[in-house]
>>> print(open('my_file-v9.pdb').read())   # PDB, C-alpha atoms
ATOM      1  CA  MET A   1      -6.288  13.727  13.719
ATOM      2  CA  ASP A   2      -7.998  12.451  16.844
ATOM      3  CA  TRP A   3      -9.326   8.966  17.444
ATOM      4  CA  ILE A   4     -13.044   8.481  16.784
ATOM      5  CA  ALA A   5     -14.573   6.108  19.316
ATOM      6  CA  ASP A   6     -18.013   6.375  17.725
ATOM      7  CA  VAL A   7     -17.505   3.984  14.823
ATOM      8  CA  SER A   8     -21.109   4.474  13.723
ATOM      9  CA  GLN A   9     -19.700   7.359  11.663
ATOM     10  CA  GLY A  10     -18.667   4.705   9.167
ATOM     11  CA  ASP A  11     -21.873   2.689   9.211
ATOM     12  CA  TRP A  12     -23.119   4.424   6.068
ATOM     13  CA  LEU A  13     -20.534   2.480   4.031
ATOM     14  CA  ARG A  14     -21.793  -0.984   4.921
ATOM     15  CA  PRO A  15     -25.019  -1.075   2.848
ATOM     16  CA  LEU A  16     -23.093   0.257  -0.150
ATOM     17  CA  LEU A  17     -20.670  -2.678  -0.187
ATOM     18  CA  ASP A  18     -21.204  -6.118  -1.694
ATOM     19  CA  GLU A  19     -20.818  -9.195   0.452
ATOM     20  CA  GLY A  20     -18.506 -10.928  -2.019
ATOM     21  CA  TYR A  21     -15.544  -9.881  -4.120
ATOM     22  CA  GLY A  22     -16.852 -10.552  -7.597
ATOM     23  CA  THR A  23     -16.403  -6.854  -8.323
ATOM     24  CA  MET A  24     -14.545  -3.961  -6.724
ATOM     25  CA  HIS A  25     -17.685  -3.200  -4.704
ATOM     26  CA  GLY A  26     -16.633  -5.667  -2.058
ATOM     27  CA  VAL A  27     -14.489  -2.765  -0.804
ATOM     28  CA  VAL A  28     -15.529   0.251  -2.913
ATOM     29  CA  PRO A  29     -18.975   1.696  -2.158
ATOM     30  CA  ARG A  30     -21.667   1.804  -4.787
ATOM     31  CA  GLY A  31     -23.842   4.833  -5.418
ATOM     32  CA  TYR A  32     -21.348   7.297  -6.903
ATOM     33  CA  ALA A  33     -21.516   8.881 -10.321
ATOM     34  CA  ALA A  34     -18.060   7.806 -11.449
ATOM     35  CA  TYR A  35     -14.953   5.880 -10.406
ATOM     36  CA  ALA A  36     -11.224   6.232 -11.080
ATOM     37  CA  ARG A  37      -8.407   3.752 -10.650
ATOM     38  CA  VAL A  38      -5.121   5.377  -9.673
ATOM     39  CA  PHE A  39      -2.289   2.956 -10.408
ATOM     40  CA  HIS A  40       0.529   2.612  -7.885
ATOM     41  CA  PRO A  41       3.951   2.996  -9.529
ATOM     42  CA  ALA A  42       6.157   0.003 -10.234
ATOM     43  CA  VAL A  43       9.969   0.049 -10.063
ATOM     44  CA  VAL A  44      12.196  -0.494 -13.083
ATOM     45  CA  ARG A  45      15.821  -1.548 -12.695
ATOM     46  CA  THR A  46      18.553  -1.174 -15.297
ATOM     47  CA  LEU A  47      22.246  -1.954 -15.625
ATOM     48  CA  PRO A  48      24.618   0.070 -17.805
ATOM     49  CA  GLY A  49      25.280  -1.696 -21.083
ATOM     50  CA  ARG A  50      23.634  -5.007 -20.312
ATOM     51  CA  ALA A  51      20.457  -6.797 -19.287
ATOM     52  CA  VAL A  52      19.609  -7.361 -15.647
ATOM     53  CA  PRO A  53      20.401 -11.024 -14.915
ATOM     54  CA  THR A  54      17.664 -13.384 -13.893
ATOM     55  CA  GLN A  55      17.837 -15.102 -10.516
ATOM     56  CA  ALA A  56      19.039 -18.289 -12.203
ATOM     57  CA  GLU A  57      21.846 -16.374 -13.936
ATOM     58  CA  TYR A  58      22.903 -14.773 -10.659
ATOM     59  CA  GLU A  59      23.098 -18.176  -9.016
ATOM     60  CA  ARG A  60      25.620 -19.325 -11.620
ATOM     61  CA  MET A  61      27.843 -16.244 -11.218
ATOM     62  CA  PRO A  62      30.883 -15.915  -8.978
ATOM     63  CA  ASP A  63      29.975 -13.834  -5.930
ATOM     64  CA  ALA A  64      32.339 -10.993  -6.871
ATOM     65  CA  GLU A  65      30.825 -10.652 -10.338
ATOM     66  CA  ALA A  66      27.287 -10.652  -8.951
ATOM     67  CA  GLN A  67      28.143  -8.021  -6.354
ATOM     68  CA  GLY A  68      29.766  -5.885  -9.021
ATOM     69  CA  LEU A  69      26.527  -5.839 -10.981
ATOM     70  CA  ILE A  70      24.408  -5.168  -7.906
ATOM     71  CA  ASP A  71      26.546  -2.127  -7.158
ATOM     72  CA  GLN A  72      25.611  -0.710 -10.581
ATOM     73  CA  TYR A  73      21.832  -0.985 -10.217
ATOM     74  CA  VAL A  74      19.811   2.040 -11.276
ATOM     75  CA  ASP A  75      16.227   2.027  -9.963
ATOM     76  CA  ARG A  76      13.471   4.473 -10.786
ATOM     77  CA  PRO A  77       9.669   4.594 -10.654
ATOM     78  CA  ALA A  78       7.857   3.167 -13.646
ATOM     79  CA  THR A  79       4.294   3.448 -14.849
ATOM     80  CA  TRP A  80       2.160   0.501 -15.819
ATOM     81  CA  ALA A  81       2.255   1.898 -19.354
ATOM     82  CA  ASP A  82       6.073   1.654 -19.258
ATOM     83  CA  ALA A  83       5.788  -2.002 -18.303
ATOM     84  CA  ALA A  84       3.184  -2.746 -20.957
ATOM     85  CA  ASP A  85       5.392  -1.158 -23.598
ATOM     86  CA  ALA A  86       8.395  -3.197 -22.460
ATOM     87  CA  PHE A  87       6.502  -6.510 -22.469
ATOM     88  CA  GLY A  88       4.460  -5.865 -25.599
ATOM     89  CA  THR A  89       1.130  -5.891 -23.794
ATOM     90  CA  VAL A  90      -1.738  -3.403 -23.610
ATOM     91  CA  MET A  91      -2.268  -0.889 -20.834
ATOM     92  CA  HIS A  92      -5.977  -0.389 -20.121
ATOM     93  CA  PRO A  93      -8.163   0.578 -17.132
ATOM     94  CA  LEU A  94      -8.762  -2.991 -15.937
ATOM     95  CA  ALA A  95      -5.213  -4.238 -16.549
ATOM     96  CA  GLN A  96      -3.716  -6.654 -14.035
ATOM     97  CA  TRP A  97      -0.012  -6.508 -13.259
ATOM     98  CA  GLY A  98       0.647 -10.219 -13.652
ATOM     99  CA  SER A  99      -0.841 -10.145 -17.141
ATOM    100  CA  VAL A 100       0.864  -6.881 -18.130
ATOM    101  CA  VAL A 101       4.304  -8.399 -17.452
ATOM    102  CA  ARG A 102       3.395 -11.730 -19.082
ATOM    103  CA  THR A 103       3.722 -13.873 -15.970
ATOM    104  CA  PRO A 104       3.624 -17.581 -16.894
ATOM    105  CA  PRO A 105       1.367 -19.962 -14.938
ATOM    106  CA  GLU A 106       2.775 -20.478 -11.454
ATOM    107  CA  GLY A 107       5.414 -17.831 -12.223
ATOM    108  CA  ASP A 108       6.548 -14.988  -9.969
ATOM    109  CA  TRP A 109       4.823 -11.780 -11.018
ATOM    110  CA  SER A 110       6.589  -9.656  -8.399
ATOM    111  CA  THR A 111       9.829  -9.369 -10.407
ATOM    112  CA  ARG A 112      10.011  -9.872 -14.167
ATOM    113  CA  VAL A 113      12.772  -9.165 -16.692
ATOM    114  CA  ALA A 114      11.444  -7.654 -19.937
ATOM    115  CA  PRO A 115      12.717  -8.615 -23.399
ATOM    116  CA  ASP A 116      14.760  -5.377 -23.456
ATOM    117  CA  GLY A 117      16.679  -6.472 -20.354
ATOM    118  CA  ARG A 118      15.031  -4.177 -17.810
ATOM    119  CA  GLU A 119      13.691  -5.657 -14.596
ATOM    120  CA  PHE A 120      10.249  -4.569 -13.411
ATOM    121  CA  SER A 121       9.139  -4.982  -9.806
ATOM    122  CA  ALA A 122       5.442  -5.003  -9.003
ATOM    123  CA  PRO A 123       3.669  -2.024  -7.423
ATOM    124  CA  TYR A 124       3.055  -2.141  -3.696
ATOM    125  CA  GLU A 125      -0.354  -3.362  -2.609
ATOM    126  CA  GLY A 126      -2.298  -1.139  -0.221
ATOM    127  CA  GLU A 127       0.504   1.373  -0.118
ATOM    128  CA  MET A 128       1.558   4.426  -2.088
ATOM    129  CA  GLU A 129       4.253   7.058  -1.769
ATOM    130  CA  PRO A 130       3.430  10.281   0.128
ATOM    131  CA  ALA A 131       3.825  12.315  -3.060
ATOM    132  CA  GLN A 132       1.178  10.259  -4.855
ATOM    133  CA  LEU A 133      -1.270  10.570  -1.974
ATOM    134  CA  ALA A 134      -0.597  14.323  -1.859
ATOM    135  CA  ARG A 135      -1.391  14.645  -5.550
ATOM    136  CA  ILE A 136      -4.636  12.702  -5.179
ATOM    137  CA  ALA A 137      -5.582  14.698  -2.079
ATOM    138  CA  ALA A 138      -5.091  17.975  -3.944
ATOM    139  CA  HIS A 139      -7.948  16.968  -6.241
ATOM    140  CA  LEU A 140     -10.077  15.510  -3.470
ATOM    141  CA  ALA A 141      -9.871  18.669  -1.373
ATOM    142  CA  THR A 142     -11.256  20.804  -4.193
ATOM    143  CA  HIS A 143     -14.242  18.530  -4.839
ATOM    144  CA  THR A 144     -15.946  18.674  -1.447
ATOM    145  CA  GLU A 145     -17.731  21.334   0.568
ATOM    146  CA  THR A 146     -15.954  20.067   3.699
ATOM    147  CA  PRO A 147     -12.214  19.905   2.905
ATOM    148  CA  ASP A 148     -11.389  20.605   6.547
ATOM    149  CA  ALA A 149     -13.505  17.821   8.036
ATOM    150  CA  GLY A 150     -13.544  14.127   7.285
ATOM    151  CA  VAL A 151     -12.751  10.621   8.468
ATOM    152  CA  ALA A 152      -9.713   8.410   7.892
ATOM    153  CA  ALA A 153     -10.060   4.655   8.361
ATOM    154  CA  VAL A 154      -6.855   2.701   8.982
ATOM    155  CA  TRP A 155      -6.883  -1.088   8.699
ATOM    156  CA  ALA A 156      -6.577  -2.615  12.166
ATOM    157  CA  GLY A 157      -4.452  -5.507  10.926
ATOM    158  CA  TYR A 158      -1.195  -3.654  10.356
ATOM    159  CA  GLY A 159       1.562  -5.273  12.409
ATOM    160  CA  GLY A 160       2.278  -3.362  15.583
ATOM    161  CA  LEU A 161      -0.579  -0.891  15.186
ATOM    162  CA  LEU A 162      -2.769  -2.183  18.001
ATOM    163  CA  GLY A 163      -1.859  -3.576  21.383
ATOM    164  CA  PHE A 164      -3.098  -7.070  22.158
ATOM    165  CA  TYR A 165      -2.903  -9.915  24.640
ATOM    166  CA  GLY A 166      -0.259 -12.375  23.514
ATOM    167  CA  GLU A 167       2.836 -14.334  24.428
ATOM    168  CA  SER A 168       5.232 -12.026  22.580
ATOM    169  CA  PRO A 169       5.203  -8.684  20.739
ATOM    170  CA  SER A 170       3.883  -8.589  17.188
ATOM    171  CA  ARG A 171       7.227  -7.143  16.142
ATOM    172  CA  THR A 172      10.733  -6.577  17.428
ATOM    173  CA  PHE A 173      13.387  -4.160  16.196
ATOM    174  CA  LEU A 174      16.709  -5.228  14.764
ATOM    175  CA  SER A 175      19.797  -3.161  15.453
ATOM    176  CA  PHE A 176      22.243  -2.456  12.635
ATOM    177  CA  SER A 177      25.798  -1.342  13.263
ATOM    178  CA  SER A 178      27.517   1.370  11.282
ATOM    179  CA  ASP A 179      29.169  -1.416   9.254
ATOM    180  CA  ASP A 180      25.702  -2.386   8.056
ATOM    181  CA  ASP A 181      24.901   1.058   6.677
ATOM    182  CA  THR A 182      23.350   0.710   3.224
ATOM    183  CA  SER A 183      22.213   4.291   2.814
ATOM    184  CA  ASP A 184      24.176   4.632  -0.425
ATOM    185  CA  THR A 185      22.897   1.412  -1.950
ATOM    186  CA  PRO A 186      20.890   2.064  -5.110
ATOM    187  CA  ASP A 187      18.527  -0.805  -4.371
ATOM    188  CA  ALA A 188      15.770   1.336  -2.831
ATOM    189  CA  GLN A 189      13.218  -1.451  -2.871
ATOM    190  CA  ALA A 190      15.506  -3.809  -0.945
ATOM    191  CA  LEU A 191      16.080  -1.087   1.628
ATOM    192  CA  ALA A 192      12.362  -0.603   2.068
ATOM    193  CA  HIS A 193      11.931  -4.344   2.480
ATOM    194  CA  GLN A 194      14.735  -4.454   5.058
ATOM    195  CA  GLU A 195      13.063  -1.690   7.011
ATOM    196  CA  MET A 196       9.737  -3.523   6.901
ATOM    197  CA  LEU A 197      11.387  -6.671   8.241
ATOM    198  CA  ALA A 198      13.088  -4.738  10.986
ATOM    199  CA  ARG A 199       9.730  -3.394  12.055
ATOM    200  CA  SER A 200       7.835  -6.649  11.979
ATOM    201  CA  ILE A 201       9.998  -9.696  12.734
ATOM    202  CA  HIS A 202       8.259 -12.063  15.131
ATOM    203  CA  ASP A 203       9.883 -13.194  18.358
ATOM    204  CA  PRO A 204      11.926 -16.335  17.468
ATOM    205  CA  PHE A 205      12.098 -17.359  21.130
ATOM    206  CA  ASN A 206       8.372 -17.760  21.646
ATOM    207  CA  ASN A 207       7.813 -19.972  24.666
ATOM    208  CA  VAL A 208       4.718 -22.177  24.470
ATOM    209  CA  PHE A 209       4.430 -22.032  28.272
ATOM    210  CA  ARG A 210       4.485 -18.252  28.420
ATOM    211  CA  LYS A 211       1.237 -16.701  29.653
ATOM    212  CA  PRO A 212      -0.406 -14.073  27.461
ATOM    213  CA  THR A 213       0.277 -10.533  28.620
ATOM    214  CA  TRP A 214      -0.649  -7.146  27.206
ATOM    215  CA  GLN A 215       1.651  -6.217  24.308
ATOM    216  CA  PRO A 216       1.518  -2.460  23.589
ATOM    217  CA  GLY A 217       1.098  -1.199  20.033
ATOM    218  CA  ILE A 218       1.680   2.058  18.214
ATOM    219  CA  LEU A 219      -1.735   3.262  19.330
ATOM    220  CA  SER A 220      -2.636   3.815  22.955
ATOM    221  CA  ASP A 221      -4.126   1.054  25.060
ATOM    222  CA  GLU A 222      -7.439   2.930  25.068
ATOM    223  CA  ILE A 223      -7.610   2.950  21.285
ATOM    224  CA  SER A 224      -6.339  -0.610  20.990
ATOM    225  CA  LYS A 225      -9.114  -1.844  23.263
ATOM    226  CA  GLY A 226     -11.743   0.420  21.739
ATOM    227  CA  PRO A 227     -14.371  -0.231  19.061
ATOM    228  CA  GLN A 228     -13.509  -0.714  15.405
ATOM    229  CA  LEU A 229     -15.524  -0.161  12.255
ATOM    230  CA  GLU A 230     -16.471  -3.581  10.928
ATOM    231  CA  LEU A 231     -16.885  -3.897   7.173
ATOM    232  CA  PRO A 232     -16.913  -7.150   5.157
ATOM    233  CA  ASP A 233     -13.750  -9.089   6.141
ATOM    234  CA  ARG A 234     -12.043  -5.912   7.386
ATOM    235  CA  GLU A 235     -11.865  -3.926  10.634
ATOM    236  CA  TYR A 236     -10.728  -0.309  10.778
ATOM    237  CA  VAL A 237      -9.755   2.246  13.390
ATOM    238  CA  LEU A 238     -11.330   5.650  12.709
ATOM    239  CA  PHE A 239      -9.753   9.074  13.078
ATOM    240  CA  SER A 240     -10.947  12.597  12.378
ATOM    241  CA  ALA A 241      -8.940  13.773   9.384
ATOM    242  CA  PRO A 242      -9.398  16.858   7.211
ATOM    243  CA  PRO A 243      -8.903  15.750   3.597
ATOM    244  CA  ALA A 244      -6.946  18.927   2.887
ATOM    245  CA  ALA A 245      -4.292  17.836   5.394
ATOM    246  CA  PHE A 246      -3.093  15.056   3.109
ATOM    247  CA  VAL A 247      -2.025  17.536   0.442
ATOM    248  CA  ASP A 248       1.111  18.040   2.557
ATOM    249  CA  PRO A 249       3.208  14.840   2.982
ATOM    250  CA  ALA A 250       4.108  16.127   6.455
ATOM    251  CA  TRP A 251       0.619  15.037   7.635
ATOM    252  CA  ILE A 252       2.290  12.033   9.244
ATOM    253  CA  LEU A 253       3.693  14.307  11.948
ATOM    254  CA  ASP A 254       0.145  15.015  13.161
ATOM    255  CA  ALA A 255      -1.225  11.485  12.791
ATOM    256  CA  THR A 256      -2.345   9.785  15.993
ATOM    257  CA  TRP A 257      -1.153   6.516  14.433
ATOM    258  CA  ARG A 258       2.370   7.828  13.716
ATOM    259  CA  ASP A 259       4.928   5.111  14.448
ATOM    260  CA  LEU A 260       6.646   6.681  17.444
ATOM    261  CA  PRO A 261       8.091   3.362  18.682
ATOM    262  CA  GLY A 262       9.813   2.982  15.320
ATOM    263  CA  GLU A 263      11.259   6.471  15.560
ATOM    264  CA  GLU A 264      12.648   5.635  18.978
ATOM    265  CA  HIS A 265      14.641   2.872  17.273
ATOM    266  CA  GLY A 266      16.054   5.177  14.618
ATOM    267  CA  PHE A 267      13.478   4.951  11.844
ATOM    268  CA  ALA A 268      12.253   8.031  10.017
ATOM    269  CA  PRO A 269       8.776   9.354  10.912
ATOM    270  CA  SER A 270       6.113   7.251   9.239
ATOM    271  CA  ALA A 271       2.418   6.435   9.335
ATOM    272  CA  GLN A 272       0.314   4.210   7.145
ATOM    273  CA  HIS A 273      -1.862   6.335   4.893
ATOM    274  CA  PRO A 274      -5.639   5.915   5.275
ATOM    275  CA  ASN A 275      -7.119   2.845   3.669
ATOM    276  CA  ILE A 276     -10.437   4.650   3.389
ATOM    277  CA  LEU A 277     -10.866   8.423   3.422
ATOM    278  CA  TRP A 278     -14.027  10.502   3.060
ATOM    279  CA  PRO A 279     -15.086  14.087   3.745
ATOM    280  CA  THR A 280     -17.946  14.877   6.085
ATOM    281  CA  ASP A 281     -20.248  15.637   3.153
ATOM    282  CA  ARG A 282     -19.373  12.229   1.603
ATOM    283  CA  ALA A 283     -18.860  13.850  -1.781
ATOM    284  CA  TRP A 284     -16.306  11.163  -2.583
ATOM    285  CA  VAL A 285     -14.547   8.165  -1.065
ATOM    286  CA  MET A 286     -10.919   7.131  -1.541
ATOM    287  CA  VAL A 287     -10.259   3.413  -1.039
ATOM    288  CA  SER A 288      -6.707   2.096  -0.837
ATOM    289  CA  GLU A 289      -7.528  -1.547  -0.175
ATOM    290  CA  ILE A 290      -4.707  -3.582   1.389
ATOM    291  CA  ASP A 291      -4.824  -6.175  -1.418
ATOM    292  CA  PHE A 292      -5.072  -3.711  -4.323
ATOM    293  CA  ASP A 293      -2.085  -2.430  -6.296
ATOM    294  CA  SER A 294      -4.080   0.681  -7.111
ATOM    295  CA  THR A 295      -6.252   3.161  -5.239
ATOM    296  CA  ILE A 296      -9.892   3.672  -6.185
ATOM    297  CA  VAL A 297     -11.703   7.002  -5.945
ATOM    298  CA  ALA A 298     -15.495   7.178  -6.103
ATOM    299  CA  GLY A 299     -17.011  10.599  -6.694
ATOM    300  CA  SER A 300     -18.421  13.054  -9.165
ATOM    301  CA  ALA A 301     -17.736  12.893 -12.876
ATOM    302  CA  GLU A 302     -15.802  16.162 -12.543
ATOM    303  CA  LEU A 303     -13.493  14.763  -9.856
ATOM    304  CA  ILE A 304     -12.829  11.594 -11.818
ATOM    305  CA  ALA A 305     -12.061  13.585 -14.961
ATOM    306  CA  ALA A 306      -9.614  15.787 -13.053
ATOM    307  CA  LEU A 307      -7.762  12.802 -11.592
ATOM    308  CA  CYS A 308      -7.504  11.065 -14.956
ATOM    309  CA  ALA A 309      -6.272  14.235 -16.672
ATOM    310  CA  ASP A 310      -3.476  14.842 -14.162
ATOM    311  CA  PRO A 311      -0.137  14.153 -15.925
ATOM    312  CA  LEU A 312       1.503  13.324 -12.586
ATOM    313  CA  LEU A 313      -0.919  10.472 -11.925
ATOM    314  CA  GLU A 314      -1.473   7.292 -13.886
ATOM    315  CA  ALA A 315      -5.237   7.069 -13.565
ATOM    316  CA  ALA A 316      -8.147   5.862 -15.653
ATOM    317  CA  PRO A 317     -11.941   5.834 -15.310
ATOM    318  CA  ILE A 318     -13.417   2.438 -14.529
ATOM    319  CA  PRO A 319     -17.044   1.335 -14.751
ATOM    320  CA  VAL A 320     -19.465   0.354 -12.038
ATOM    321  CA  ASN A 321     -19.045  -3.366 -11.271
ATOM    322  CA  ALA A 322     -15.399  -3.309 -12.384
ATOM    323  CA  ASP A 323     -13.620  -6.593 -11.704
ATOM    324  CA  LEU A 324     -10.109  -5.961 -10.357
ATOM    325  CA  SER A 325      -9.233  -9.558  -9.570
ATOM    326  CA  TRP A 326      -6.048 -11.137 -10.926
ATOM    327  CA  GLN A 327      -7.967 -13.042 -13.603
ATOM    328  CA  ALA A 328      -9.948 -10.054 -14.810
ATOM    329  CA  ASP A 329      -7.552  -8.827 -17.513
ATOM    330  CA  LEU A 330      -9.331 -10.124 -20.597
ATOM    331  CA  ILE A 331      -7.106  -8.198 -23.017
ATOM    332  CA  ASN A 332      -3.662  -9.420 -21.975
ATOM    333  CA  ARG A 333      -4.333 -13.147 -22.092
TER
END
>>> encode(input="my_file-v9.pdb", output="structure tokens")
Amino acid sequence: MDWIADVSQGDWLRPLLDEGYGTMHGVVPRGYAAYARVFHPAVVRTLPGRAVPTQAEYERMPDAEAQGLIDQYVDRPATWADAADAFGTVMHPLAQWGSVVRTPPEGDWSTRVAPDGREFSAPYEGEMEPAQLARIAAHLATHTETPDAGVAAVWAGYGGLLGFYGESPSRTFLSFSSDDDTSDTPDAQALAHQEMLARSIHDPFNNVFRKPTWQPGILSDEISKGPQLELPDREYVLFSAPPAAFVDPAWILDATWRDLPGEEHGFAPSAQHPNILWPTDRAWVMVSEIDFDSTIVAGSAELIAALCADPLLEAAPIPVNADLSWQADLINR
């Protein structure tokens, strides 16, 4: 998975994208026979024998009682259909999470307690689990003549990815003592959030008189200072990437953009999955836009049918010009 300095390899995408975001084609190329939306999983939390308290209820509880409940959390992945069933809404291809979980105006859609007492946390935007990517990639690899040759585009804006001239690093690493070990805590989402914070906290001692100096990133200085593919409102770093490689979640071990600095501070091997992926023959394009809570695949009708028929994926065909904005759910109003 080597760096591609010749970003013209991605120029073919630009004329296929809209300038605005009135439809998904602001980030998903036009010109393909069919499109599928693969929904990122949510997280559902339960407590034995009772409803999960709301934040307001927790605030009224004695600390010991609240901690006792937190220790009993059971979290598991949930589909959008699970959430729709719990909130009495309708799951459909153009559903929007905030509408599915009946978020009131100005309400917080990220965490909602359903009438049955279960708490649903929103899917991650621009991010999916390695197992989900592997499942998608298994279909992608069989619907191209070039499964061993392709291009991965990684958004240049991820914190710590690129080096830059600045007064302080884009992130610092927190150290946790053995007393802080939360490996047995059932709150998997909180752990993931803690890890994200540890990777990306800004320097609190920023000195306004400090002169900008080069701050290294995950990628080499050569790549950091090199050209990027410029698409509407987004810049990407390109890498050669055989689509078939992503069938194995261990692909991160071969990724040029693997977070080695994080590993040096005790984090498990990790690498952001491609935001855009295509094979050399351009038979399809996978777009995992940073602001989308689902991944879009553009390709042949056969590929889209295979993805939507996979019982291990929650996927649905969507039309050309699909609107995936927050206000686009016309069914769950």
>>> closest_residue(input="my_file-v9.pdb", among="A:Gly160, A:Leu16, A:Leu238, A:Leu253", to="A:Pro216", atoms="only C-alpha atoms")
A:Gly160
>>> atom_distance(input="my_file-v9.pdb", atom1="atom CA of A:Ser270", atom2="atom CA of A:Asp293")
20.1 Å
>>> closest_residue(input="my_file-v9.pdb", among="A:Ala84, A:Glu65, A:Ala5, A:Ala122", to="A:Glu222", atoms="only C-alpha atoms")
A:Ala5
>>> resolve_selection(input="my_file-v9.pdb", expression="the PyMOL selection byres ((chain A and resi 320) around 8)", output="JSON, numbers by chain")
{"A": [30, 34, 35, 318, 319, 321, 322]}
>>> closest_residue(input="my_file-v9.pdb", among="A:Ala66, A:Ala328, A:Ala255, A:Ala305", to="A:Trp3", atoms="all atoms listed in the file")
A:Ala255
>>> atom_distance(input="my_file-v9.pdb", atom1="atom CA of A:Glu230", atom2="atom CA of A:Tyr21")
16.3 Å
>>> decode(input="my_file-v9.pdb", residues="stretch 87-131 of chain A", atoms="C-alpha atoms", output="short mmCIF file (atom, residue, chain, number, x, y, z; two decimals), in the first residue's frame")
data_model
loop_
_atom_site.label_atom_id
_atom_site.label_comp_id
_atom_site.auth_asym_id
_atom_site.auth_seq_id
_atom_site.Cartn_x
_atom_site.Cartn_y
_atom_site.Cartn_z
CA PHE A 87 -39.08 3.80 18.47
CA GLY A 88 -42.07 2.88 16.33
CA THR A 89 -40.67 4.41 13.17
CA VAL A 90 -40.06 3.05 9.67
CA MET A 91 -36.74 1.75 8.39
CA HIS A 92 -36.27 2.60 4.71
CA PRO A 93 -33.35 3.26 2.32
CA LEU A 94 -33.28 7.03 2.85
CA ALA A 95 -33.88 6.94 6.61
CA GLN A 96 -32.03 9.45 8.78
CA TRP A 97 -30.90 8.46 12.25
CA GLY A 98 -32.27 11.52 14.02
CA SER A 99 -35.72 10.85 12.59
CA VAL A 100 -35.57 7.09 13.21
CA VAL A 101 -35.03 7.66 16.95
CA ARG A 102 -37.62 10.46 17.11
CA THR A 103 -35.23 13.24 18.08
CA PRO A 104 -37.18 16.36 19.13
CA PRO A 105 -36.20 19.77 17.71
CA GLU A 106 -32.89 20.87 19.20
CA GLY A 107 -32.62 17.46 20.90
CA ASP A 108 -29.56 15.22 21.10
CA TRP A 109 -29.81 12.50 18.47
CA SER A 110 -26.54 10.84 19.49
CA THR A 111 -28.07 9.03 22.49
CA ARG A 112 -31.78 8.31 22.83
CA VAL A 113 -33.73 6.10 25.24
CA ALA A 114 -36.52 4.15 23.52
CA PRO A 115 -39.98 3.61 25.03
CA ASP A 116 -38.92 0.05 25.98
CA GLY A 117 -36.10 1.41 28.14
CA ARG A 118 -33.17 0.57 25.86
CA GLU A 119 -30.65 3.27 25.03
CA PHE A 120 -29.53 3.65 21.42
CA SER A 121 -26.31 5.43 20.48
CA ALA A 122 -25.90 6.77 16.97
CA PRO A 123 -23.71 5.06 14.36
CA TYR A 124 -20.25 6.46 13.81
CA GLU A 125 -19.88 8.89 10.94
CA GLY A 126 -17.15 8.16 8.40
CA GLU A 127 -16.08 5.09 10.29
CA MET A 128 -16.99 1.42 10.36
CA GLU A 129 -15.68 -1.67 12.11
CA PRO A 130 -13.04 -3.79 10.33
CA ALA A 131 -15.46 -6.70 10.09
#
